[in-house]
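Peer 1: Next comes the structure file target25.cif, holding mmCIF, C-alpha atoms.
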data_final
#
loop_
_atom_site.label_atom_id
_atom_site.label_comp_id
_atom_site.auth_asym_id
_atom_site.auth_seq_id
_atom_site.Cartn_x
_atom_site.Cartn_y
_atom_site.Cartn_z
CA MET E 1 -3.59 11.30 -27.44
CA LYS E 2 -2.50 12.10 -23.87
CA ILE E 3 -2.33 9.38 -21.21
CA LEU E 4 -1.65 10.20 -17.55
CA HIS E 5 0.17 7.41 -15.69
CA THR E 6 0.05 7.24 -11.90
CA SER E 7 0.23 4.44 -9.31
CA ASP E 8 0.73 3.43 -5.69
CA TRP E 9 -1.69 5.83 -4.06
CA HIS E 10 -1.86 3.64 -0.93
CA LEU E 11 -5.04 5.32 0.26
CA GLY E 12 -5.62 4.60 3.93
CA GLN E 13 -1.95 4.41 4.88
CA TYR E 14 -0.96 5.29 8.43
CA PHE E 15 2.59 6.58 8.75
CA MET E 16 3.92 5.92 12.26
CA MET E 17 0.41 6.35 13.65
CA LYS E 18 -0.23 9.47 11.56
CA THR E 19 -3.07 9.50 9.04
CA ARG E 20 -2.32 10.55 5.44
CA GLU E 21 -5.93 11.47 4.65
CA ALA E 22 -5.28 15.21 4.19
CA GLU E 23 -2.28 14.56 1.92
CA HIS E 24 -4.17 12.08 -0.24
CA LEU E 25 -7.14 14.42 -0.57
CA ALA E 26 -4.82 17.26 -1.61
CA PHE E 27 -3.11 15.02 -4.15
CA LEU E 28 -6.36 13.77 -5.70
CA ASN E 29 -7.69 17.33 -5.99
CA TRP E 30 -4.40 18.40 -7.60
CA LEU E 31 -4.65 15.44 -10.00
CA ILE E 32 -8.10 16.59 -11.16
CA THR E 33 -6.61 20.02 -11.88
CA VAL E 34 -3.79 18.42 -13.92
CA VAL E 35 -6.28 16.33 -15.92
CA ILE E 36 -8.15 19.50 -16.84
CA GLU E 37 -5.15 21.73 -17.56
CA GLU E 38 -3.23 19.09 -19.53
CA GLU E 39 -6.35 17.95 -21.43
CA ILE E 40 -5.78 14.31 -20.51
CA ASP E 41 -7.67 11.78 -22.63
CA ALA E 42 -7.24 8.75 -20.35
CA LEU E 43 -5.86 8.09 -16.89
CA ILE E 44 -4.11 4.85 -15.84
CA VAL E 45 -3.64 3.84 -12.20
CA ALA E 46 -1.10 0.99 -12.13
CA GLY E 47 -2.02 -0.70 -8.87
CA ASP E 48 -1.95 -0.29 -5.08
CA ILE E 49 -4.90 2.05 -4.93
CA PHE E 50 -5.29 1.14 -1.26
CA ASP E 51 -2.63 0.44 1.35
CA SER E 52 -4.30 -2.67 2.72
CA THR E 53 -6.84 -5.31 1.72
CA THR E 54 -9.30 -3.81 4.24
CA PRO E 55 -9.12 -0.05 3.58
CA PRO E 56 -10.85 2.27 6.07
CA SER E 57 -14.09 3.93 5.05
CA TYR E 58 -12.48 7.34 4.54
CA ALA E 59 -10.03 5.80 2.02
CA ARG E 60 -12.88 4.25 0.06
CA LYS E 61 -14.62 7.62 0.07
CA LEU E 62 -11.50 9.37 -1.28
CA TYR E 63 -11.43 6.79 -4.07
CA SER E 64 -15.10 7.08 -5.03
CA ASP E 65 -15.15 10.89 -4.70
CA PHE E 66 -12.19 11.15 -7.07
CA ILE E 67 -13.98 9.05 -9.69
CA VAL E 68 -17.06 11.26 -9.38
CA LYS E 69 -14.96 14.44 -9.77
CA LEU E 70 -13.26 12.96 -12.84
CA GLN E 71 -16.65 12.73 -14.55
CA ALA E 72 -16.79 16.54 -14.71
CA THR E 73 -13.56 16.68 -16.77
CA GLU E 74 -12.88 15.97 -20.44
CA CYS E 75 -10.97 12.78 -19.54
CA LEU E 76 -12.85 10.08 -21.41
CA GLN E 77 -11.57 6.99 -19.63
CA LEU E 78 -10.11 5.76 -16.35
CA ILE E 79 -8.25 2.41 -16.21
CA ILE E 80 -7.48 0.90 -12.80
CA VAL E 81 -5.55 -2.32 -12.17
CA SER E 82 -4.99 -3.94 -8.80
CA GLY E 83 -1.65 -4.15 -7.00
CA ASN E 84 -0.26 -6.52 -4.40
CA HIS E 85 -1.69 -4.39 -1.56
CA ASP E 86 -5.20 -4.38 -3.04
CA SER E 87 -7.99 -6.82 -2.33
CA VAL E 88 -9.47 -8.20 -5.55
CA ALA E 89 -12.81 -8.70 -3.80
CA VAL E 90 -12.94 -5.16 -2.40
CA LEU E 91 -12.14 -3.55 -5.76
CA ASN E 92 -14.60 -5.78 -7.61
CA GLU E 93 -17.46 -4.70 -5.32
CA SER E 94 -17.94 -1.60 -7.47
CA LYS E 95 -16.77 -2.96 -10.84
CA ASN E 96 -20.19 -3.06 -12.54
CA LEU E 97 -21.17 0.34 -11.17
CA LEU E 98 -17.89 1.91 -12.31
CA SER E 99 -18.25 0.48 -15.80
CA ALA E 100 -21.30 2.74 -16.21
CA LEU E 101 -18.96 5.69 -15.55
CA ASN E 102 -16.50 4.59 -18.26
CA VAL E 103 -14.09 3.16 -15.69
CA SER E 104 -12.30 -0.07 -16.60
CA LEU E 105 -11.40 -1.95 -13.42
CA LEU E 106 -9.14 -5.02 -13.69
CA ALA E 107 -8.75 -6.59 -10.25
CA GLY E 108 -7.11 -9.98 -10.59
CA LEU E 109 -6.30 -11.87 -13.78
CA SER E 110 -9.27 -13.10 -15.80
CA THR E 111 -9.22 -16.54 -17.43
CA ASP E 112 -10.10 -14.72 -20.66
CA LEU E 113 -7.32 -12.26 -21.53
CA GLN E 114 -9.65 -10.51 -23.99
CA GLU E 115 -11.26 -8.90 -20.94
CA HIS E 116 -7.95 -7.12 -20.28
CA LEU E 117 -7.89 -5.46 -23.72
CA ILE E 118 -9.23 -1.93 -23.28
CA PRO E 119 -9.79 0.18 -26.42
CA LEU E 120 -9.13 3.91 -26.07
CA LYS E 121 -10.55 6.67 -28.23
CA ASN E 122 -10.22 10.43 -27.78
CA LYS E 123 -12.42 13.24 -29.10
CA LYS E 124 -10.45 13.29 -32.36
CA ARG E 125 -11.28 9.57 -32.76
CA GLU E 126 -7.63 8.61 -32.45
CA GLN E 127 -7.37 5.07 -31.11
CA MET E 128 -5.11 2.90 -28.98
CA ILE E 129 -5.26 -0.41 -27.10
CA VAL E 130 -4.36 -0.90 -23.43
CA CYS E 131 -3.35 -4.36 -22.20
CA ALA E 132 -4.48 -3.76 -18.63
CA LEU E 133 -2.74 -6.41 -16.53
CA PRO E 134 -2.89 -6.25 -12.71
CA PHE E 135 -0.42 -7.69 -10.21
CA LEU E 136 0.10 -11.29 -11.36
CA ARG E 137 0.03 -13.76 -8.49
CA ALA E 138 1.95 -17.01 -8.72
CA GLN E 139 -1.27 -19.06 -8.93
CA ASP E 140 -2.40 -16.90 -11.88
CA VAL E 141 0.48 -17.83 -14.15
CA MET E 142 1.88 -21.16 -12.98
CA SER E 143 0.65 -24.46 -11.60
CA SER E 144 1.77 -25.69 -8.21
CA GLU E 145 4.44 -28.40 -8.36
CA GLN E 146 5.75 -30.37 -5.43
CA GLY E 147 9.43 -31.05 -4.95
CA ILE E 148 10.89 -28.48 -7.34
CA SER E 149 13.81 -26.30 -6.31
CA ALA E 150 13.56 -22.60 -5.48
CA GLU E 151 15.54 -21.81 -8.63
CA GLN E 152 13.12 -23.79 -10.80
CA LYS E 153 10.13 -22.15 -9.13
CA GLN E 154 11.66 -18.74 -9.85
CA LEU E 155 12.19 -19.67 -13.50
CA ASN E 156 8.63 -21.06 -13.83
CA LEU E 157 7.12 -17.91 -12.39
CA GLN E 158 9.21 -15.69 -14.62
CA GLN E 159 8.21 -17.71 -17.67
CA GLY E 160 4.56 -17.58 -16.61
CA ILE E 161 4.60 -13.78 -16.40
CA GLN E 162 6.46 -13.55 -19.71
CA HIS E 163 3.93 -15.88 -21.40
CA THR E 164 1.01 -13.80 -20.11
CA TYR E 165 2.46 -10.58 -21.53
CA GLN E 166 3.33 -12.23 -24.84
CA LYS E 167 -0.13 -13.70 -25.20
CA ILE E 168 -2.00 -10.47 -24.47
CA TYR E 169 0.31 -8.54 -26.83
CA GLN E 170 -0.50 -10.99 -29.61
CA LEU E 171 -4.23 -10.64 -28.91
CA ALA E 172 -3.94 -6.85 -29.13
CA LYS E 173 -2.09 -7.02 -32.44
CA GLU E 174 -4.62 -9.51 -33.82
CA GLN E 175 -7.38 -7.08 -32.89
CA ASN E 176 -5.70 -4.22 -34.78
CA SER E 177 -2.06 -4.47 -35.83
CA SER E 178 -1.69 -0.77 -36.70
CA LEU E 179 -2.73 0.77 -33.37
CA PRO E 180 -0.25 1.74 -30.61
CA VAL E 181 -0.40 -0.69 -27.67
CA ILE E 182 0.13 0.20 -23.99
CA ALA E 183 0.62 -2.34 -21.20
CA THR E 184 0.27 -2.00 -17.45
CA GLY E 185 2.09 -4.01 -14.80
CA HIS E 186 2.61 -4.19 -11.07
CA LEU E 187 5.96 -5.84 -10.36
CA THR E 188 9.65 -5.22 -9.73
CA ALA E 189 11.77 -4.91 -12.86
CA VAL E 190 15.48 -5.72 -13.00
CA GLY E 191 17.84 -2.86 -12.22
CA CYS E 192 15.39 -0.57 -10.41
CA SER E 193 15.74 1.26 -7.10
CA VAL E 194 13.58 0.13 -4.20
CA SER E 195 12.67 2.17 -1.10
CA GLU E 196 12.00 0.99 2.47
CA SER E 197 8.22 1.19 2.03
CA VAL E 198 8.11 -1.30 -0.87
CA ARG E 199 6.97 -4.78 0.13
CA ASP E 200 8.56 -7.77 -1.62
CA ILE E 201 5.87 -9.32 -3.78
CA TYR E 202 7.50 -12.56 -4.86
CA ILE E 203 9.22 -13.53 -1.63
CA GLY E 204 11.80 -16.23 -2.21
CA THR E 205 10.66 -16.97 -5.76
CA LEU E 206 11.22 -13.96 -7.99
CA THR E 207 13.44 -11.01 -7.22
CA ALA E 208 12.85 -8.98 -10.37
CA PHE E 209 11.46 -9.36 -13.87
CA PRO E 210 13.88 -8.69 -16.78
CA ALA E 211 12.65 -5.85 -18.99
CA SER E 212 13.96 -7.75 -22.03
CA LEU E 213 11.13 -10.26 -21.57
CA PHE E 214 8.42 -7.67 -22.22
CA PRO E 215 7.00 -7.69 -25.76
CA ASP E 216 7.38 -4.64 -27.99
CA PHE E 217 4.75 -2.43 -26.36
CA ASP E 218 4.73 1.25 -27.24
CA TYR E 219 4.60 2.15 -23.53
CA ILE E 220 4.57 0.13 -20.29
CA ALA E 221 2.96 1.84 -17.28
CA LEU E 222 4.36 0.16 -14.18
CA GLY E 223 3.46 0.31 -10.52
CA HIS E 224 4.86 -1.10 -7.27
CA LEU E 225 8.13 0.83 -6.90
CA HIS E 226 7.67 4.18 -5.18
CA ARG E 227 10.58 5.99 -6.80
CA PRO E 228 9.76 7.37 -10.29
CA GLN E 229 12.23 5.90 -12.76
CA LYS E 230 12.91 4.47 -16.18
CA VAL E 231 13.56 0.74 -16.49
CA GLN E 232 16.99 -0.04 -17.94
CA LYS E 233 17.13 3.59 -19.20
CA GLN E 234 14.28 2.92 -21.61
CA ASP E 235 11.92 5.87 -22.11
CA HIS E 236 8.89 3.71 -22.80
CA ILE E 237 9.09 1.50 -19.67
CA ARG E 238 8.42 3.61 -16.59
CA TYR E 239 7.43 3.66 -12.96
CA SER E 240 5.45 6.75 -12.01
CA GLY E 241 6.16 6.15 -8.31
CA SER E 242 3.95 6.97 -5.35
CA PRO E 243 2.39 10.46 -5.14
CA ILE E 244 3.53 11.05 -1.54
CA ALA E 245 6.56 9.86 0.45
CA LEU E 246 5.62 6.59 2.12
CA SER E 247 8.83 6.28 4.15
CA PHE E 248 11.50 8.70 5.35
CA ASP E 249 14.00 7.44 2.77
CA GLU E 250 11.70 8.78 0.04
CA THR E 251 11.83 12.37 1.34
CA LYS E 252 14.45 13.54 -1.17
CA GLN E 253 12.62 12.14 -4.19
CA ASP E 254 10.64 14.30 -6.58
CA LYS E 255 7.21 12.67 -6.65
CA GLN E 256 5.70 12.61 -10.14
CA VAL E 257 2.93 11.66 -12.46
CA LEU E 258 3.83 10.88 -16.08
CA ILE E 259 2.07 12.24 -19.16
CA ALA E 260 2.68 10.04 -22.21
CA GLU E 261 1.75 11.42 -25.63
CA PHE E 262 1.03 9.27 -28.68
CA ASN E 263 0.25 9.67 -32.34
CA SER E 264 -0.87 6.98 -34.77
CA GLN E 265 2.72 5.70 -35.03
CA GLY E 266 3.29 5.27 -31.29
CA LEU E 267 4.90 7.10 -28.37
CA THR E 268 6.11 10.64 -29.10
CA ASP E 269 6.93 12.04 -25.63
CA VAL E 270 6.86 11.32 -21.89
CA LYS E 271 6.62 14.36 -19.63
CA PRO E 272 7.19 14.01 -15.87
CA LEU E 273 5.11 16.41 -13.79
CA ASN E 274 6.28 17.01 -10.22
CA ILE E 275 3.67 16.66 -7.48
CA PRO E 276 3.59 19.35 -4.76
CA ILE E 277 4.66 18.32 -1.27
CA PHE E 278 1.58 18.27 0.93
CA GLN E 279 3.34 17.15 4.12
CA GLN E 280 7.01 17.84 4.73
CA LEU E 281 9.13 14.92 5.95
CA GLN E 282 12.75 15.46 6.94
CA ILE E 283 15.70 13.53 8.37
CA LEU E 284 18.25 15.03 10.80
CA SER E 285 21.42 13.03 11.40
CA GLY E 286 24.58 13.42 13.46
CA ASP E 287 25.69 13.12 17.06
CA LEU E 288 23.47 14.48 19.83
CA ASP E 289 25.08 17.95 19.86
CA SER E 290 24.84 18.26 16.08
CA VAL E 291 21.20 17.11 15.99
CA THR E 292 20.32 19.56 18.77
CA GLN E 293 21.84 22.42 16.77
CA GLN E 294 20.06 21.35 13.55
CA LEU E 295 16.78 21.09 15.43
CA ALA E 296 17.20 24.58 16.88
CA ALA E 297 17.88 25.98 13.39
CA LEU E 298 14.83 24.18 12.00
CA LEU E 299 12.68 25.66 14.79
CA ASP E 300 13.85 29.15 13.84
CA GLU E 301 13.09 28.42 10.20
CA CYS E 302 9.60 27.24 11.12
CA LEU E 303 8.91 30.41 13.09
CA ASN E 304 10.22 32.69 10.34
CA ASN E 305 8.50 30.92 7.43
CA LYS E 306 5.39 29.85 9.35
CA GLN E 307 5.67 26.23 8.22
CA LYS E 308 2.47 24.21 8.55
CA SER E 309 3.94 20.91 9.76
CA ILE E 310 7.17 18.93 9.61
CA TRP E 311 7.51 15.25 10.50
CA LEU E 312 11.02 14.31 11.57
CA GLU E 313 13.19 11.24 11.77
CA ILE E 314 16.31 11.75 13.88
CA LYS E 315 19.26 9.46 13.21
CA LEU E 316 21.75 9.72 16.04
CA GLN E 317 25.08 8.56 14.71
CA GLN E 318 26.31 7.43 18.11
CA ALA E 319 25.36 4.79 20.61
CA PHE E 320 23.94 6.39 23.74
CA TYR E 321 22.77 5.27 27.14
CA LEU E 322 20.81 8.38 28.15
CA SER E 323 17.24 7.31 28.84
CA ASP E 324 15.89 10.86 28.51
CA VAL E 325 17.17 11.62 25.00
CA GLN E 326 13.72 11.26 23.46
CA SER E 327 12.02 13.41 26.07
CA ARG E 328 14.76 16.07 25.77
CA LEU E 329 14.34 16.32 22.01
CA ASN E 330 10.54 16.27 22.20
CA THR E 331 10.66 19.09 24.77
CA MET E 332 12.61 21.21 22.28
CA VAL E 333 9.83 20.96 19.66
CA GLU E 334 6.91 21.26 22.06
CA ASP E 335 4.19 23.66 20.82
CA SER E 336 5.92 24.01 17.43
CA CYS E 337 5.13 22.85 13.90
CA ILE E 338 7.65 19.98 14.28
CA GLU E 339 6.78 16.46 15.33
CA ILE E 340 9.50 13.89 15.95
CA LEU E 341 8.11 10.57 14.73
CA LYS E 342 11.23 8.41 14.95
CA ILE E 343 14.56 8.45 16.77
CA SER E 344 17.17 5.82 15.96
CA SER E 345 20.81 5.18 16.81
CA PRO E 346 23.37 2.37 16.47
CA GLN E 347 22.00 -0.55 18.46
CA VAL E 348 23.48 -0.93 21.92
CA ASN E 349 23.19 -4.53 22.99
CA GLU E 350 23.77 -4.38 26.74
CA ALA E 351 23.37 -8.14 27.09
CA SER E 352 26.32 -8.75 24.77
CA GLN E 353 28.58 -6.88 27.18
CA TRP E 354 28.09 -9.67 29.70
CA GLN E 355 27.63 -12.65 27.41
CA GLU E 356 29.99 -14.14 24.87
CA THR E 357 27.12 -14.92 22.50
CA GLU E 358 25.23 -11.93 21.10
CA VAL E 359 21.48 -12.06 21.61
CA ALA E 360 19.74 -11.47 18.27
CA SER E 361 16.68 -9.22 18.10
CA LEU E 362 13.45 -10.41 16.47
CA ASP E 363 13.86 -7.85 13.69
CA ALA E 364 17.16 -9.46 12.66
CA LEU E 365 15.74 -12.99 12.38
CA THR E 366 14.13 -14.62 9.36
CA PRO E 367 10.97 -16.71 9.98
CA HIS E 368 13.03 -19.90 9.60
CA GLN E 369 15.63 -18.72 12.12
CA LEU E 370 12.93 -17.74 14.57
CA PHE E 371 11.29 -21.16 14.19
CA GLN E 372 14.62 -22.86 14.85
CA HIS E 373 15.05 -20.82 18.03
CA ARG E 374 11.57 -21.81 19.13
CA ILE E 375 11.88 -25.56 18.66
CA ALA E 376 15.34 -25.50 20.26
CA CYS E 377 13.60 -24.42 23.48
CA GLU E 378 11.61 -27.69 23.55
CA GLU E 379 13.71 -30.12 25.56
CA ASN E 380 11.42 -33.11 24.85
CA LEU E 381 11.84 -33.01 21.07
CA SER E 382 14.29 -35.43 19.47
CA GLU E 383 16.51 -34.40 16.55
CA GLU E 384 14.27 -36.42 14.25
CA GLN E 385 11.13 -34.63 15.50
CA GLN E 386 12.84 -31.26 15.14
CA GLY E 387 13.75 -32.16 11.55
CA GLU E 388 10.17 -33.21 10.74
CA LEU E 389 8.76 -30.00 12.23
CA THR E 390 11.28 -27.92 10.28
CA ASN E 391 10.26 -29.62 7.02
CA LEU E 392 6.56 -29.04 7.75
CA PHE E 393 7.25 -25.37 8.56
CA SER E 394 9.15 -24.97 5.27
CA GLN E 395 6.19 -26.44 3.35
CA VAL E 396 3.78 -24.03 5.03
CA CYS E 397 6.06 -21.09 4.20
CA ALA E 398 6.27 -22.19 0.56
CA GLU E 399 2.46 -22.45 0.31
CA ILE E 400 2.06 -18.98 1.79
CA GLU E 401 4.63 -17.56 -0.67
CA GLU E 402 2.67 -19.01 -3.59
CA GLN E 403 -0.50 -17.27 -2.37
CA LEU E 404 1.13 -13.84 -1.98
#
The structure in this file should be written as structure tokens.
Peer 2:
Amino acid sequence: MKILHTSDWHLGQYFMMKTREAEHLAFLNWLITVVIEEEIDALIVAGDIFDSTTPPSYARKLYSDFIVKLQATECLQLIIVSGNHDSVAVLNESKNLLSALNVSLLAGLSTDLQEHLIPLKNKKREQMIVCALPFLRAQDVMSSEQGISAEQKQLNLQQGIQHTYQKIYQLAKEQNSSLPVIATGHLTAVGCSVSESVRDIYIGTLTAFPASLFPDFDYIALGHLHRPQKVQKQDHIRYSGSPIALSFDETKQDKQVLIAEFNSQGLTDVKPLNIPIFQQLQILSGDLDSVTQQLAALLDECLNNKQKSIWLEIKLQQAFYLSDVQSRLNTMVEDSCIEILKISSPQVNEASQWQETEVASLDALTPHQLFQHRIACEENLSEEQQGELTNLFSQVCAEIEEQL
């Protein structure tokens, strides 16, 4: 049996004010071709189908059109679980309708884990079981307790996630102990590489989940991290990664889907399949003279090879005071296939040249630090009142973290 593992589509994402609609459409059409050519029996999408909880209408259309196109293939089953970017309510709007199309949609954790056990069967009547778990929120797996430390909260959450996986694994084995069992997950595992576009999903409570706490699944299809990778060098625990680069630091990654093959005894092979690049992203770095030369060479390359489009980030490795740097560089690429989306350089803090105390930017402050700056501006607040407000703010932050 052949299972295709993909995740983190992030349909509806805008990248520095640029839509990704054309790229996502090209990817989904390519994915249909792969399903046909590779004779895929079932397809698993391990979370973050959409980029936000309120996806635009075109993103919803890409999603529904793909499901319709999949019906014309020999792929017998589609399993979708929600990620931390997805709205449970939005995904569940079409759950009953999709079930008629042999699509298993698991958005949010059900109180009955049996609902997350999905039987698979291919045309040869070979069978498997999928433990289709979505992104597990703190309130799904642990009860709220007042007055416990951050370390204890982290441990409780970790134990709650571990217990959920152990329980569903036991249910699968009780259903049929001889069949291979696959699990899905949407979380950060210990020892994995994270890119700039990945949002922390257990802020302040859980940094990463140890792979050793997973039960003995035959394969674990993970989502959330955008770089394709094995977990702790184990072939059967994998992130497929996102299908397109969602930040400039992902530009040098090979984007992949994973094809896992099974026989009656379990996993036999995992084949990565590289996804074509549908929109080129590139980073140029150096001082201003070096970047100008690289940009000129890239312009020549574009003219000679008739490139469709290149989105650039320019990292100037020098502090500069020239106010027209951006306009000068943009003039160079005018009427070409190159668009400069971001220019950065070492921060020049002009205020610190005249003040002994450096003025921090908002980007460098944590919410707690920002709150402290704010209440310090209130001259009428006593130290006791400031302390009470700080405690109340910390409680609000903790409640928000539990809901994420």
Peer 1: Counting all atoms listed in the file, write as a list in words all protein and nucleic acid residues lying at most 7 Å from (-5.5, 10.1, -22.4) in the file's frame.
Peer 2: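 The residues that fall inside the cut-off are Met1, Lys2, Ile3, Leu4, Ile40, Asp41, Ala42, Leu43 and Cys75 of chain E.
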Peer 1: Go ahead and save the residues from that selection, with C-alpha atoms, as a PDB file, in the coordinates of the input.
Peer 2:
ATOM      1  CA  MET E   1      -3.590  11.300 -27.440  1.00  0.00           C
ATOM      2  CA  LYS E   2      -2.500  12.100 -23.870  1.00  0.00           C
ATOM      3  CA  ILE E   3      -2.330   9.380 -21.210  1.00  0.00           C
ATOM      4  CA  LEU E   4      -1.650  10.200 -17.550  1.00  0.00           C
ATOM      5  CA  ILE E  40      -5.780  14.310 -20.510  1.00  0.00           C
ATOM      6  CA  ASP E  41      -7.670  11.780 -22.630  1.00  0.00           C
ATOM      7  CA  ALA E  42      -7.240   8.750 -20.350  1.00  0.00           C
ATOM      8  CA  LEU E  43      -5.860   8.090 -16.890  1.00  0.00           C
ATOM      9  CA  CYS E  75     -10.970  12.780 -19.540  1.00  0.00           C
TER      10      CYS E  75
END
Peer 1: Could you check the closest approach to Lys271 (chain E) for each of E:Leu258, E:Ala107, E:Leu312, E:Ile80 and tell me which residue wins, using only C-alpha atoms?
Peer 2: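 Of the candidates, the smallest distance to Lys271 (chain E) is held by E:Leu258.
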Peer 1: At a cut-off of 7 Å from (-5.3, 2.0, 4.9) in the coordinates of the file, what residues are picked up using all atoms listed in the file, written as a list in words?
Peer 2: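 Residues with an atom at most 7 Å from (-5.3, 2.0, 4.9): His10, Leu11, Gly12, Gln13, Tyr14, Phe50, Asp51, Ser52, Pro55, Pro56 and Ala59 of chain E.
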Peer 1: Name the closest residue to Glu115 (chain E) among the candidates E:Ile168, E:Gln154, E:Ile161, E:Gln127; distances are taken between atoms, counting only C-alpha atoms.
Peer 2: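 Closest candidate: E:Ile168.
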Peer 1: May I have the residues within 10 Å of Lys95 (chain E) as a list in words, using all atoms listed in the file and disregarding those fewer than 6 positions away in the same chain?
Peer 2: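 Answer for this query is Ala89, Val103, Ser104, Leu105, Leu106 and Ala107 of chain E.
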Peer 1: Kindly write C-alpha atoms of region 292-349 of chain E from the structure just given to a file, as an mmCIF file, in the first residue's frame.
Peer 2:
data_model
loop_
_atom_site.group_PDB
_atom_site.id
_atom_site.type_symbol
_atom_site.label_atom_id
_atom_site.label_comp_id
_atom_site.auth_asym_id
_atom_site.auth_seq_id
_atom_site.Cartn_x
_atom_site.Cartn_y
_atom_site.Cartn_z
ATOM 1 C CA THR E 292 24.882 45.930 -6.816
ATOM 2 C CA GLN E 293 27.225 43.664 -8.778
ATOM 3 C CA GLN E 294 25.229 40.524 -7.869
ATOM 4 C CA LEU E 295 22.018 42.257 -8.875
ATOM 5 C CA ALA E 296 23.474 43.264 -12.240
ATOM 6 C CA ALA E 297 24.588 39.661 -12.875
ATOM 7 C CA LEU E 298 21.145 38.363 -11.914
ATOM 8 C CA LEU E 299 19.534 40.829 -14.343
ATOM 9 C CA ASP E 300 21.731 39.504 -17.152
ATOM 10 C CA GLU E 301 20.811 35.951 -16.202
ATOM 11 C CA CYS E 302 17.119 36.837 -16.277
ATOM 12 C CA LEU E 303 17.426 38.356 -19.746
ATOM 13 C CA ASN E 304 19.397 35.403 -21.123
ATOM 14 C CA ASN E 305 17.244 32.661 -19.573
ATOM 15 C CA LYS E 306 13.938 34.540 -19.775
ATOM 16 C CA GLN E 307 13.097 33.899 -16.127
ATOM 17 C CA LYS E 308 9.427 34.315 -15.240
ATOM 18 C CA SER E 309 9.797 36.014 -11.849
ATOM 19 C CA ILE E 310 12.258 36.275 -8.977
ATOM 20 C CA TRP E 311 11.436 37.644 -5.521
ATOM 21 C CA LEU E 312 14.482 39.000 -3.715
ATOM 22 C CA GLU E 313 15.598 39.700 -0.189
ATOM 23 C CA ILE E 314 18.706 41.877 -0.009
ATOM 24 C CA LYS E 315 20.801 41.658 3.145
ATOM 25 C CA LEU E 316 23.226 44.550 3.265
ATOM 26 C CA GLN E 317 26.051 43.555 5.560
ATOM 27 C CA GLN E 318 26.840 47.123 6.535
ATOM 28 C CA ALA E 319 25.101 49.893 8.393
ATOM 29 C CA PHE E 320 24.219 52.714 6.026
ATOM 30 C CA TYR E 321 22.733 56.169 6.256
ATOM 31 C CA LEU E 322 21.810 56.675 2.592
ATOM 32 C CA SER E 323 18.085 57.314 2.419
ATOM 33 C CA ASP E 324 17.894 56.468 -1.289
ATOM 34 C CA VAL E 325 19.377 52.954 -1.138
ATOM 35 C CA GLN E 326 15.996 51.301 -1.638
ATOM 36 C CA SER E 327 15.020 53.529 -4.541
ATOM 37 C CA ARG E 328 18.450 53.033 -6.172
ATOM 38 C CA LEU E 329 18.166 49.255 -6.020
ATOM 39 C CA ASN E 330 14.538 49.260 -7.164
ATOM 40 C CA THR E 331 15.495 51.452 -10.136
ATOM 41 C CA MET E 332 18.022 48.814 -11.196
ATOM 42 C CA VAL E 333 15.328 46.111 -11.447
ATOM 43 C CA GLU E 334 12.618 48.301 -12.952
ATOM 44 C CA ASP E 335 10.783 46.627 -15.870
ATOM 45 C CA SER E 336 12.574 43.319 -15.212
ATOM 46 C CA CYS E 337 11.490 39.928 -13.877
ATOM 47 C CA ILE E 338 13.002 40.793 -10.460
ATOM 48 C CA GLU E 339 11.073 42.236 -7.545
ATOM 49 C CA ILE E 340 12.866 43.316 -4.377
ATOM 50 C CA LEU E 341 10.527 42.463 -1.511
ATOM 51 C CA LYS E 342 12.831 43.104 1.447
ATOM 52 C CA ILE E 343 15.993 45.078 2.182
ATOM 53 C CA SER E 344 17.675 44.738 5.560
ATOM 54 C CA SER E 345 20.930 45.849 7.154
ATOM 55 C CA PRO E 346 22.499 45.999 10.634
ATOM 56 C CA GLN E 347 20.279 48.266 12.693
ATOM 57 C CA VAL E 348 21.538 51.816 13.032
ATOM 58 C CA ASN E 349 20.139 53.322 16.194
#
